[in-house]
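Undergrad: This is the content of data06.pdb (PDB, C-alpha atoms and all ligand atoms):
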ATOM      1  CA  MET A   1     -19.527   8.811 -18.684  1.00  0.00           C
ATOM      2  CA  SER A   2     -21.274   6.335 -16.372  1.00  0.00           C
ATOM      3  CA  GLU A   3     -21.571   7.142 -12.679  1.00  0.00           C
ATOM      4  CA  THR A   4     -19.242   4.245 -11.889  1.00  0.00           C
ATOM      5  CA  GLY A   5     -16.702   5.501 -14.381  1.00  0.00           C
ATOM      6  CA  GLN A   6     -16.816   8.978 -12.864  1.00  0.00           C
ATOM      7  CA  ALA A   7     -16.487   7.523  -9.350  1.00  0.00           C
ATOM      8  CA  VAL A   8     -13.365   5.592 -10.353  1.00  0.00           C
ATOM      9  CA  LEU A   9     -11.749   8.704 -11.829  1.00  0.00           C
ATOM     10  CA  ASP A  10     -12.781  10.803  -8.819  1.00  0.00           C
ATOM     11  CA  ALA A  11     -11.147   8.259  -6.499  1.00  0.00           C
ATOM     12  CA  ILE A  12      -7.921   8.265  -8.498  1.00  0.00           C
ATOM     13  CA  PHE A  13      -7.681  12.051  -8.260  1.00  0.00           C
ATOM     14  CA  ALA A  14      -8.918  12.504  -4.687  1.00  0.00           C
ATOM     15  CA  ARG A  15      -6.930   9.712  -3.029  1.00  0.00           C
ATOM     16  CA  ARG A  16      -4.067  10.931  -0.890  1.00  0.00           C
ATOM     17  CA  SER A  17      -1.558   9.211   1.337  1.00  0.00           C
ATOM     18  CA  ILE A  18      -2.921   9.317   4.861  1.00  0.00           C
ATOM     19  CA  ARG A  19      -0.353   9.211   7.652  1.00  0.00           C
ATOM     20  CA  GLN A  20      -2.406  10.071  10.745  1.00  0.00           C
ATOM     21  CA  TYR A  21      -5.266   7.984  12.042  1.00  0.00           C
ATOM     22  CA  LEU A  22      -8.001   8.000  14.632  1.00  0.00           C
ATOM     23  CA  GLU A  23      -7.830   5.277  17.262  1.00  0.00           C
ATOM     24  CA  ASP A  24     -10.927   3.517  15.875  1.00  0.00           C
ATOM     25  CA  PRO A  25     -10.147   0.041  14.593  1.00  0.00           C
ATOM     26  CA  VAL A  26     -10.569  -0.822  10.932  1.00  0.00           C
ATOM     27  CA  GLU A  27     -13.734  -2.895  10.551  1.00  0.00           C
ATOM     28  CA  ASP A  28     -13.146  -6.505   9.463  1.00  0.00           C
ATOM     29  CA  ASP A  29     -15.319  -6.060   6.359  1.00  0.00           C
ATOM     30  CA  SER A  30     -13.274  -3.064   5.274  1.00  0.00           C
ATOM     31  CA  LEU A  31      -9.988  -4.832   5.861  1.00  0.00           C
ATOM     32  CA  GLN A  32     -11.279  -7.766   3.864  1.00  0.00           C
ATOM     33  CA  ALA A  33     -12.328  -5.456   1.026  1.00  0.00           C
ATOM     34  CA  ILE A  34      -8.857  -3.866   0.916  1.00  0.00           C
ATOM     35  CA  LEU A  35      -7.197  -7.275   0.753  1.00  0.00           C
ATOM     36  CA  GLU A  36      -9.647  -8.391  -1.944  1.00  0.00           C
ATOM     37  CA  ALA A  37      -8.847  -5.284  -3.965  1.00  0.00           C
ATOM     38  CA  GLY A  38      -5.160  -6.176  -3.722  1.00  0.00           C
ATOM     39  CA  ARG A  39      -5.909  -9.766  -4.705  1.00  0.00           C
ATOM     40  CA  TRP A  40      -7.706  -8.593  -7.859  1.00  0.00           C
ATOM     41  CA  ALA A  41      -4.779  -6.569  -9.174  1.00  0.00           C
ATOM     42  CA  PRO A  42      -3.454  -7.504 -12.596  1.00  0.00           C
ATOM     43  CA  SER A  43      -0.233  -9.504 -12.878  1.00  0.00           C
ATOM     44  CA  GLY A  44       1.881 -10.857 -15.720  1.00  0.00           C
ATOM     45  CA  LEU A  45       0.641 -14.308 -16.738  1.00  0.00           C
ATOM     46  CA  ASN A  46      -1.829 -13.798 -13.876  1.00  0.00           C
ATOM     47  CA  ASN A  47       0.840 -15.221 -11.558  1.00  0.00           C
ATOM     48  CA  GLN A  48      -0.426 -13.221  -8.546  1.00  0.00           C
ATOM     49  CA  PRO A  49       2.989 -13.036  -6.854  1.00  0.00           C
ATOM     50  CA  TRP A  50       1.824 -10.990  -3.841  1.00  0.00           C
ATOM     51  CA  ARG A  51       1.593 -12.375  -0.329  1.00  0.00           C
ATOM     52  CA  PHE A  52       0.189 -10.473   2.644  1.00  0.00           C
ATOM     53  CA  ALA A  53       0.855 -10.374   6.368  1.00  0.00           C
ATOM     54  CA  VAL A  54      -1.871  -8.526   8.259  1.00  0.00           C
ATOM     55  CA  VAL A  55      -0.760  -7.120  11.603  1.00  0.00           C
ATOM     56  CA  LYS A  56      -3.014  -5.528  14.214  1.00  0.00           C
ATOM     57  CA  GLY A  57      -1.317  -6.687  17.409  1.00  0.00           C
ATOM     58  CA  PRO A  58       0.637  -3.800  18.941  1.00  0.00           C
ATOM     59  CA  GLU A  59       3.628  -5.900  19.975  1.00  0.00           C
ATOM     60  CA  VAL A  60       4.577  -7.155  16.512  1.00  0.00           C
ATOM     61  CA  LYS A  61       3.408  -3.899  14.912  1.00  0.00           C
ATOM     62  CA  ASN A  62       5.769  -1.913  17.128  1.00  0.00           C
ATOM     63  CA  GLU A  63       8.623  -4.264  16.326  1.00  0.00           C
ATOM     64  CA  ILE A  64       8.023  -3.629  12.624  1.00  0.00           C
ATOM     65  CA  ALA A  65       7.642   0.097  13.288  1.00  0.00           C
ATOM     66  CA  ALA A  66      11.146   0.164  14.729  1.00  0.00           C
ATOM     67  CA  GLN A  67      12.520  -0.788  11.286  1.00  0.00           C
ATOM     68  CA  THR A  68      11.627   2.536   9.654  1.00  0.00           C
ATOM     69  CA  ARG A  69      11.995   6.210  10.333  1.00  0.00           C
ATOM     70  CA  TYR A  70       8.252   6.387   9.687  1.00  0.00           C
ATOM     71  CA  ARG A  71       7.713   4.425  12.868  1.00  0.00           C
ATOM     72  CA  GLU A  72       5.028   6.748  14.223  1.00  0.00           C
ATOM     73  CA  ILE A  73       2.830   6.043  11.205  1.00  0.00           C
ATOM     74  CA  ILE A  74       2.985   2.299  11.826  1.00  0.00           C
ATOM     75  CA  ARG A  75       2.602   2.617  15.587  1.00  0.00           C
ATOM     76  CA  ASN A  76      -0.527   4.728  15.203  1.00  0.00           C
ATOM     77  CA  ALA A  77      -2.121   2.753  12.370  1.00  0.00           C
ATOM     78  CA  PRO A  78      -4.679   0.271  13.690  1.00  0.00           C
ATOM     79  CA  VAL A  79      -3.598  -2.217  11.058  1.00  0.00           C
ATOM     80  CA  ILE A  80      -0.732  -2.696   8.633  1.00  0.00           C
ATOM     81  CA  ILE A  81      -0.469  -4.983   5.648  1.00  0.00           C
ATOM     82  CA  ALA A  82       3.041  -6.113   4.793  1.00  0.00           C
ATOM     83  CA  VAL A  83       3.144  -6.901   1.091  1.00  0.00           C
ATOM     84  CA  PHE A  84       5.653  -9.489  -0.076  1.00  0.00           C
ATOM     85  CA  LEU A  85       6.727 -10.770  -3.460  1.00  0.00           C
ATOM     86  CA  ASP A  86       6.919 -14.553  -3.502  1.00  0.00           C
ATOM     87  CA  ASN A  87      10.088 -15.093  -5.520  1.00  0.00           C
ATOM     88  CA  ALA A  88       9.092 -18.743  -5.935  1.00  0.00           C
ATOM     89  CA  GLU A  89       6.178 -17.482  -8.094  1.00  0.00           C
ATOM     90  CA  SER A  90       8.285 -14.948  -9.957  1.00  0.00           C
ATOM     91  CA  TYR A  91       8.777 -15.290 -13.708  1.00  0.00           C
ATOM     92  CA  ASP A  92      10.119 -11.827 -14.516  1.00  0.00           C
ATOM     93  CA  ARG A  93      11.297  -9.559 -11.724  1.00  0.00           C
ATOM     94  CA  VAL A  94      10.349  -6.269 -13.378  1.00  0.00           C
ATOM     95  CA  LYS A  95       6.863  -7.480 -14.256  1.00  0.00           C
ATOM     96  CA  ASP A  96       6.344  -9.013 -10.841  1.00  0.00           C
ATOM     97  CA  CYS A  97       7.345  -5.764  -9.135  1.00  0.00           C
ATOM     98  CA  GLN A  98       4.940  -3.906 -11.428  1.00  0.00           C
ATOM     99  CA  ALA A  99       2.174  -6.304 -10.399  1.00  0.00           C
ATOM    100  CA  ILE A 100       2.933  -5.657  -6.736  1.00  0.00           C
ATOM    101  CA  GLY A 101       2.669  -1.931  -7.471  1.00  0.00           C
ATOM    102  CA  ALA A 102      -0.746  -2.474  -9.018  1.00  0.00           C
ATOM    103  CA  CYS A 103      -1.743  -4.486  -5.959  1.00  0.00           C
ATOM    104  CA  LEU A 104      -0.736  -1.633  -3.666  1.00  0.00           C
ATOM    105  CA  GLN A 105      -2.521   0.964  -5.771  1.00  0.00           C
ATOM    106  CA  ASN A 106      -5.686  -1.159  -5.637  1.00  0.00           C
ATOM    107  CA  MET A 107      -5.390  -1.218  -1.847  1.00  0.00           C
ATOM    108  CA  TYR A 108      -4.845   2.549  -1.780  1.00  0.00           C
ATOM    109  CA  LEU A 109      -7.995   3.115  -3.838  1.00  0.00           C
ATOM    110  CA  ALA A 110     -10.043   0.586  -1.884  1.00  0.00           C
ATOM    111  CA  ALA A 111      -9.102   2.253   1.407  1.00  0.00           C
ATOM    112  CA  HIS A 112     -10.110   5.614  -0.059  1.00  0.00           C
ATOM    113  CA  ALA A 113     -13.411   4.223  -1.380  1.00  0.00           C
ATOM    114  CA  LEU A 114     -14.207   2.813   2.079  1.00  0.00           C
ATOM    115  CA  GLY A 115     -13.655   6.176   3.758  1.00  0.00           C
ATOM    116  CA  LEU A 116     -10.379   4.966   5.208  1.00  0.00           C
ATOM    117  CA  GLY A 117      -6.899   6.212   4.470  1.00  0.00           C
ATOM    118  CA  GLY A 118      -3.624   4.466   3.875  1.00  0.00           C
ATOM    119  CA  VAL A 119      -0.025   5.046   3.042  1.00  0.00           C
ATOM    120  CA  TRP A 120       2.436   2.950   1.072  1.00  0.00           C
ATOM    121  CA  LEU A 121       5.653   2.765   3.063  1.00  0.00           C
ATOM    122  CA  GLY A 122       8.801   1.973   1.151  1.00  0.00           C
ATOM    123  CA  GLU A 123      11.548   3.399   3.343  1.00  0.00           C
ATOM    124  CA  ILE A 124      11.236   0.335   5.571  1.00  0.00           C
ATOM    125  CA  LEU A 125      12.676  -1.786   2.751  1.00  0.00           C
ATOM    126  CA  LYS A 126      16.148  -0.879   4.000  1.00  0.00           C
ATOM    127  CA  ASN A 127      15.347  -3.433   6.721  1.00  0.00           C
ATOM    128  CA  LYS A 128      13.292  -5.835   4.637  1.00  0.00           C
ATOM    129  CA  GLU A 129      15.148  -8.926   5.856  1.00  0.00           C
ATOM    130  CA  ARG A 130      14.471  -8.028   9.488  1.00  0.00           C
ATOM    131  CA  VAL A 131      10.764  -7.418   8.796  1.00  0.00           C
ATOM    132  CA  ALA A 132      10.538 -10.803   7.046  1.00  0.00           C
ATOM    133  CA  GLU A 133      12.183 -12.374  10.083  1.00  0.00           C
ATOM    134  CA  ILE A 134       9.784 -10.705  12.527  1.00  0.00           C
ATOM    135  CA  LEU A 135       6.849 -11.991  10.464  1.00  0.00           C
ATOM    136  CA  GLU A 136       8.428 -15.431  10.051  1.00  0.00           C
ATOM    137  CA  ALA A 137       7.922 -15.165   6.304  1.00  0.00           C
ATOM    138  CA  PRO A 138       9.007 -18.106   4.141  1.00  0.00           C
ATOM    139  CA  ASP A 139      12.478 -17.765   2.570  1.00  0.00           C
ATOM    140  CA  SER A 140      11.102 -17.028  -0.893  1.00  0.00           C
ATOM    141  CA  TYR A 141       9.097 -14.006   0.345  1.00  0.00           C
ATOM    142  CA  GLU A 142      10.672 -10.586  -0.186  1.00  0.00           C
ATOM    143  CA  LEU A 143       9.158  -7.490   1.407  1.00  0.00           C
ATOM    144  CA  MET A 144       7.950  -4.961  -1.181  1.00  0.00           C
ATOM    145  CA  ALA A 145       6.110  -2.450   1.021  1.00  0.00           C
ATOM    146  CA  VAL A 146       4.118  -1.949   4.157  1.00  0.00           C
ATOM    147  CA  PHE A 147       0.645  -0.477   3.717  1.00  0.00           C
ATOM    148  CA  ALA A 148      -0.599   1.282   6.850  1.00  0.00           C
ATOM    149  CA  VAL A 149      -4.324   1.922   7.081  1.00  0.00           C
ATOM    150  CA  GLY A 150      -6.837   3.483   9.421  1.00  0.00           C
ATOM    151  CA  HIS A 151      -9.572   6.069   9.776  1.00  0.00           C
ATOM    152  CA  PRO A 152      -8.088   9.377   8.643  1.00  0.00           C
ATOM    153  CA  LYS A 153      -7.544  12.013  11.304  1.00  0.00           C
ATOM    154  CA  ASN A 154      -8.161  14.583   8.605  1.00  0.00           C
ATOM    155  CA  ARG A 155      -8.595  14.616   4.872  1.00  0.00           C
ATOM    156  CA  GLN A 156      -6.960  17.910   3.997  1.00  0.00           C
ATOM    157  CA  GLN A 157      -3.801  16.411   2.522  1.00  0.00           C
ATOM    158  CA  LYS A 158      -2.490  18.185  -0.524  1.00  0.00           C
ATOM    159  CA  SER A 159      -0.267  16.756  -3.188  1.00  0.00           C
ATOM    160  CA  GLN A 160       1.191  17.863  -6.477  1.00  0.00           C
ATOM    161  CA  ARG A 161       2.049  16.315  -9.772  1.00  0.00           C
ATOM    162  CA  LYS A 162       4.198  17.321 -12.721  1.00  0.00           C
ATOM    163  CA  SER A 163       2.099  18.681 -15.558  1.00  0.00           C
ATOM    164  CA  LEU A 164       1.371  16.474 -18.534  1.00  0.00           C
ATOM    165  CA  SER A 165       3.511  18.739 -20.694  1.00  0.00           C
ATOM    166  CA  GLU A 166       6.499  17.883 -18.496  1.00  0.00           C
ATOM    167  CA  ILE A 167       6.012  14.139 -18.742  1.00  0.00           C
ATOM    168  CA  ILE A 168       4.798  13.535 -22.288  1.00  0.00           C
ATOM    169  CA  PHE A 169       8.104  13.637 -24.101  1.00  0.00           C
ATOM    170  CA  LYS A 170       6.701  12.939 -27.547  1.00  0.00           C
ATOM    171  CA  GLU A 171       3.369  13.159 -29.318  1.00  0.00           C
ATOM    172  CA  LEU A 172       3.350  12.073 -32.935  1.00  0.00           C
TER     173      LEU A 172
HETATM  174  C1  LIG B 201       7.182   3.203  -3.857  1.00  0.00           C
HETATM  175  C2  LIG B 201       6.619   4.174  -2.824  1.00  0.00           C
HETATM  176  C3  LIG B 201       7.267   4.298  -1.610  1.00  0.00           C
HETATM  177  C4  LIG B 201       6.762   5.183  -0.644  1.00  0.00           C
HETATM  178  N1  LIG B 201       7.364   5.234   0.586  1.00  0.00           N
HETATM  179  C5  LIG B 201       6.879   6.071   1.524  1.00  0.00           C
HETATM  180  C6  LIG B 201       7.451   6.081   2.826  1.00  0.00           C
HETATM  181  O1  LIG B 201       8.367   5.330   3.162  1.00  0.00           O
HETATM  182  N2  LIG B 201       6.952   6.969   3.740  1.00  0.00           N
HETATM  183  C7  LIG B 201       5.885   7.798   3.431  1.00  0.00           C
HETATM  184  O2  LIG B 201       5.465   8.555   4.296  1.00  0.00           O
HETATM  185  N3  LIG B 201       5.297   7.773   2.203  1.00  0.00           N
HETATM  186  C8  LIG B 201       5.760   6.939   1.254  1.00  0.00           C
HETATM  187  N4  LIG B 201       5.150   6.876   0.021  1.00  0.00           N
HETATM  188  C9  LIG B 201       4.014   7.753  -0.289  1.00  0.00           C
HETATM  189  C10 LIG B 201       4.464   8.926  -1.196  1.00  0.00           C
HETATM  190  O3  LIG B 201       5.213   9.843  -0.439  1.00  0.00           O
HETATM  191  C11 LIG B 201       3.213   9.598  -1.798  1.00  0.00           C
HETATM  192  O4  LIG B 201       2.491   8.678  -2.581  1.00  0.00           O
HETATM  193  C12 LIG B 201       3.596  10.804  -2.683  1.00  0.00           C
HETATM  194  O5  LIG B 201       4.202  11.807  -1.927  1.00  0.00           O
HETATM  195  C13 LIG B 201       2.357  11.401  -3.381  1.00  0.00           C
HETATM  196  O6  LIG B 201       1.390  11.778  -2.420  1.00  0.00           O
HETATM  197  P1  LIG B 201      -0.092  11.210  -2.459  1.00  0.00           P
HETATM  198  O7  LIG B 201      -0.004   9.706  -2.359  1.00  0.00           O
HETATM  199  O8  LIG B 201      -0.789  11.789  -1.257  1.00  0.00           O
HETATM  200  O9  LIG B 201      -0.730  11.633  -3.729  1.00  0.00           O
HETATM  201  C14 LIG B 201       5.618   5.971  -0.941  1.00  0.00           C
HETATM  202  C15 LIG B 201       4.969   5.810  -2.166  1.00  0.00           C
HETATM  203  C16 LIG B 201       5.440   4.904  -3.094  1.00  0.00           C
HETATM  204  C17 LIG B 201       4.670   4.696  -4.390  1.00  0.00           C
END
Now that the file is in, can you turn its structure into structure tokens?
Ligand SMILES: Cc1cc2nc3c(=O)[nH]c(=O)nc-3n(C[C@H](O)[C@H](O)[C@H](O)COP(=O)(O)O)c2cc1C
TA:
Amino acid sequence: MSETGQAVLDAIFARRSIRQYLEDPVEDDSLQAILEAGRWAPSGLNNQPWRFAVVKGPEVKNEIAAQTRYREIIRNAPVIIAVFLDNAESYDRVKDCQAIGACLQNMYLAAHALGLGGVWLGEILKNKERVAEILEAPDSYELMAVFAVGHPKNRQQKSQRKSLSEIIFKEL
């Protein structure tokens, strides 16, 4: 396997959700690279239905933080990216949501590759209308997730997965 191929696989396996951050800001170049990685996700018909709101300012960030029980993660993250689905661009809800998932995974992997850490926050969706309001998002934008990112406080996170034998239900 090529070195690049190995690096991609290594990143997929080593990436973890990072929920605690140092105070250091995320460099503009890194933030840009994360957004670019999201932008280059695949989407059905290449309709690119994702829209981003990037929030560093503590006032708005704290207002958004108050919409989830994971508020401390958002408060302590130097930057968050709210990821919206533009329903005006939508042609098939399931496929568009899948594309948004790919977009978030790209951002996860980009953050990891840059030595940063992020976490995909979904619990906040219970208040998605309020978050859209705080961010003055257009009516057609629907919140899909908030991605919090920063310099990891530590990298010792562990995670588990079901074994392949549990999830492959048929092999013919
Ligand atoms: C759709 C989705 C929603 C998630 N929502 C949250 C959340 O609200 N809060 C949180 O701390 N982590 C959240 N996560 C992160 C998962 O908890 C995490 O990916 C999972 O436990 C596996 O851990 P790992 O990412 O470190 O491998 C979410 C992940 C996904 C894909």
Undergrad: Please report as CSV every residue of region 39-66 of chain A lying within 10 Å of region 111-125 of chain A, along with the nearest atom pair and their distance in Å (one decimal), using only C-alpha atoms.
TA:
residue,atom,partner,partner_atom,distance
A:Ile64,CA,A:Ile124,CA,8.7
A:Ala65,CA,A:Ile124,CA,8.5
A:Ala66,CA,A:Ile124,CA,9.2
Undergrad: Do you have the CA of Lys56 (chain A)-atom C17 of ligand LIG 201 (chain B) distance handy?
TA: 22.6 Å
Undergrad: Could you list the protein, DNA and RNA residues that have any atom within 8 Å of ligand LIG 201 (chain B), counting only C-alpha atoms and all ligand atoms, and write them as a list of chain:residue names?
TA: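 Final answer, ordered by chain and number: A:Arg15, A:Arg16, A:Ser17, A:Ile18, A:Arg19, A:Thr68, A:Tyr70, A:Ile73, A:Gly101, A:Val119, A:Trp120, A:Leu121, A:Gly122, A:Glu123, A:Ile124, A:Ala145, A:Gln157, A:Lys158, A:Ser159, A:Gln160.
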Undergrad: Given all atoms listed in the file as the basis, pick out the residue of A:Asn62, A:Gln48, A:Asn106, A:Gln98 nearest to Val8 (chain A).
TA: A:Asn106
Undergrad: Rounded to one decimal place, report the CA of Asn47 (chain A)-CA of Ile81 (chain A) distance in Å.
TA: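 About the pair CA of Asn47 (chain A) and CA of Ile81 (chain A): they are 20.1 Å apart.
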Undergrad: Work out how far apart CA of Asn87 (chain A) and CA of Gln67 (chain A) are and give it in Å to one decimal.
TA: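 Answer for the CA of Asn87 (chain A) to CA of Gln67 (chain A) separation: 22.2 Å.
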Undergrad: Would you mind telling me which residue in A:Gly44, A:Thr4, A:Ala14, A:Arg155 lies nearest to Tyr91 (chain A) when using all atoms listed in the file?
TA: A:Gly44
Undergrad: When the PyMOL selection byres (((chain A and resi 35) around 12) and not hetatm) is applied to the structure above, which residues does it catch, written out as a compact mmCIF listing (two decimals) with C-alpha atoms, keeping the file's coordinate frame?
TA:
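Below is the file expr23.txt, written as the result:
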# COMPACT_ATOMS: atom_id res chain seq x y z
CA ASP A 28 -13.15 -6.50 9.46
CA ASP A 29 -15.32 -6.06 6.36
CA SER A 30 -13.27 -3.06 5.27
CA LEU A 31 -9.99 -4.83 5.86
CA GLN A 32 -11.28 -7.77 3.86
CA ALA A 33 -12.33 -5.46 1.03
CA ILE A 34 -8.86 -3.87 0.92
CA GLU A 36 -9.65 -8.39 -1.94
CA ALA A 37 -8.85 -5.28 -3.96
CA GLY A 38 -5.16 -6.18 -3.72
CA ARG A 39 -5.91 -9.77 -4.70
CA TRP A 40 -7.71 -8.59 -7.86
CA ALA A 41 -4.78 -6.57 -9.17
CA TRP A 50 1.82 -10.99 -3.84
CA ARG A 51 1.59 -12.38 -0.33
CA PHE A 52 0.19 -10.47 2.64
CA ALA A 53 0.86 -10.37 6.37
CA VAL A 54 -1.87 -8.53 8.26
CA ILE A 80 -0.73 -2.70 8.63
CA ILE A 81 -0.47 -4.98 5.65
CA ALA A 82 3.04 -6.11 4.79
CA VAL A 83 3.14 -6.90 1.09
CA CYS A 103 -1.74 -4.49 -5.96
CA LEU A 104 -0.74 -1.63 -3.67
CA GLN A 105 -2.52 0.96 -5.77
CA ASN A 106 -5.69 -1.16 -5.64
CA MET A 107 -5.39 -1.22 -1.85
CA TYR A 108 -4.84 2.55 -1.78
CA LEU A 109 -8.00 3.12 -3.84
CA ALA A 110 -10.04 0.59 -1.88
CA ALA A 111 -9.10 2.25 1.41
CA PHE A 147 0.64 -0.48 3.72
CA VAL A 149 -4.32 1.92 7.08
Undergrad: Run the PyMOL selection byres (((chain A and resi 26) around 6) and not hetatm) on the file and write out the hits as JSON, numbers by chain.
TA: {"A": [25, 27, 150]}
Undergrad: Using only C-alpha atoms, determine which residues lie at most 6 Å from region 141-144 of chain A, disregarding the query and same-chain residues fewer than 5 positions distant; provide the list as a CSV table (one decimal) with C-alpha atoms, in the frame of the given file.
TA:
chain,number,residue,atom,x,y,z
A,83,VAL,CA,3.1,-6.9,1.1
A,84,PHE,CA,5.7,-9.5,-0.1
A,85,LEU,CA,6.7,-10.8,-3.5
A,86,ASP,CA,6.9,-14.6,-3.5
A,128,LYS,CA,13.3,-5.8,4.6
Undergrad: Measuring between only C-alpha atoms, which one of A:Pro78, A:Lys61, A:Pro49, A:Val146 shows the shortest distance to Ala99 (chain A)?
TA: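 For Ala99 (chain A), the nearest of the given residues is A:Pro49.
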Undergrad: I need the residue nearest Arg93 (chain A) from this list: A:Asn76, A:Gln6, A:Ser43, A:Ser163. Use only C-alpha atoms for the distance.
TA: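 Of A:Asn76, A:Gln6, A:Ser43, A:Ser163, the one nearest Arg93 (chain A), counting only C-alpha atoms, is A:Ser43.
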Undergrad: Emit region 68-79 of chain A of the structure in the block as a file comprising N, CA and C atoms, as a PDB file, in the first residue's frame.
TA:
ATOM      1  N   THR A  68     -27.557  22.857  24.625  1.00  0.00           N
ATOM      2  CA  THR A  68     -27.250  21.427  24.726  1.00  0.00           C
ATOM      3  C   THR A  68     -26.721  21.087  26.108  1.00  0.00           C
ATOM      4  N   ARG A  69     -26.930  19.818  26.490  1.00  0.00           N
ATOM      5  CA  ARG A  69     -26.344  19.424  27.769  1.00  0.00           C
ATOM      6  C   ARG A  69     -24.836  19.244  27.649  1.00  0.00           C
ATOM      7  N   TYR A  70     -24.319  19.300  26.439  1.00  0.00           N
ATOM      8  CA  TYR A  70     -22.865  19.260  26.244  1.00  0.00           C
ATOM      9  C   TYR A  70     -22.293  20.669  26.171  1.00  0.00           C
ATOM     10  N   ARG A  71     -22.899  21.552  26.956  1.00  0.00           N
ATOM     11  CA  ARG A  71     -22.531  22.971  26.862  1.00  0.00           C
ATOM     12  C   ARG A  71     -21.063  23.231  27.155  1.00  0.00           C
ATOM     13  N   GLU A  72     -20.486  22.455  28.083  1.00  0.00           N
ATOM     14  CA  GLU A  72     -19.089  22.719  28.454  1.00  0.00           C
ATOM     15  C   GLU A  72     -18.143  22.477  27.272  1.00  0.00           C
ATOM     16  N   ILE A  73     -18.512  21.510  26.435  1.00  0.00           N
ATOM     17  CA  ILE A  73     -17.671  21.227  25.260  1.00  0.00           C
ATOM     18  C   ILE A  73     -17.644  22.465  24.359  1.00  0.00           C
ATOM     19  N   ILE A  74     -18.819  23.012  24.112  1.00  0.00           N
ATOM     20  CA  ILE A  74     -18.907  24.171  23.203  1.00  0.00           C
ATOM     21  C   ILE A  74     -18.268  25.404  23.837  1.00  0.00           C
ATOM     22  N   ARG A  75     -18.505  25.593  25.108  1.00  0.00           N
ATOM     23  CA  ARG A  75     -17.920  26.763  25.792  1.00  0.00           C
ATOM     24  C   ARG A  75     -16.393  26.727  25.726  1.00  0.00           C
ATOM     25  N   ASN A  76     -15.836  25.538  25.880  1.00  0.00           N
ATOM     26  CA  ASN A  76     -14.372  25.427  25.941  1.00  0.00           C
ATOM     27  C   ASN A  76     -13.711  25.273  24.575  1.00  0.00           C
ATOM     28  N   ALA A  77     -14.488  24.991  23.555  1.00  0.00           N
ATOM     29  CA  ALA A  77     -13.894  24.853  22.211  1.00  0.00           C
ATOM     30  C   ALA A  77     -13.591  26.249  21.664  1.00  0.00           C
ATOM     31  N   PRO A  78     -12.395  26.449  21.140  1.00  0.00           N
ATOM     32  CA  PRO A  78     -12.089  27.777  20.587  1.00  0.00           C
ATOM     33  C   PRO A  78     -12.942  28.128  19.370  1.00  0.00           C
ATOM     34  N   VAL A  79     -13.408  27.109  18.682  1.00  0.00           N
ATOM     35  CA  VAL A  79     -14.256  27.386  17.515  1.00  0.00           C
ATOM     36  C   VAL A  79     -15.262  26.253  17.331  1.00  0.00           C
TER      37      VAL A  79
END
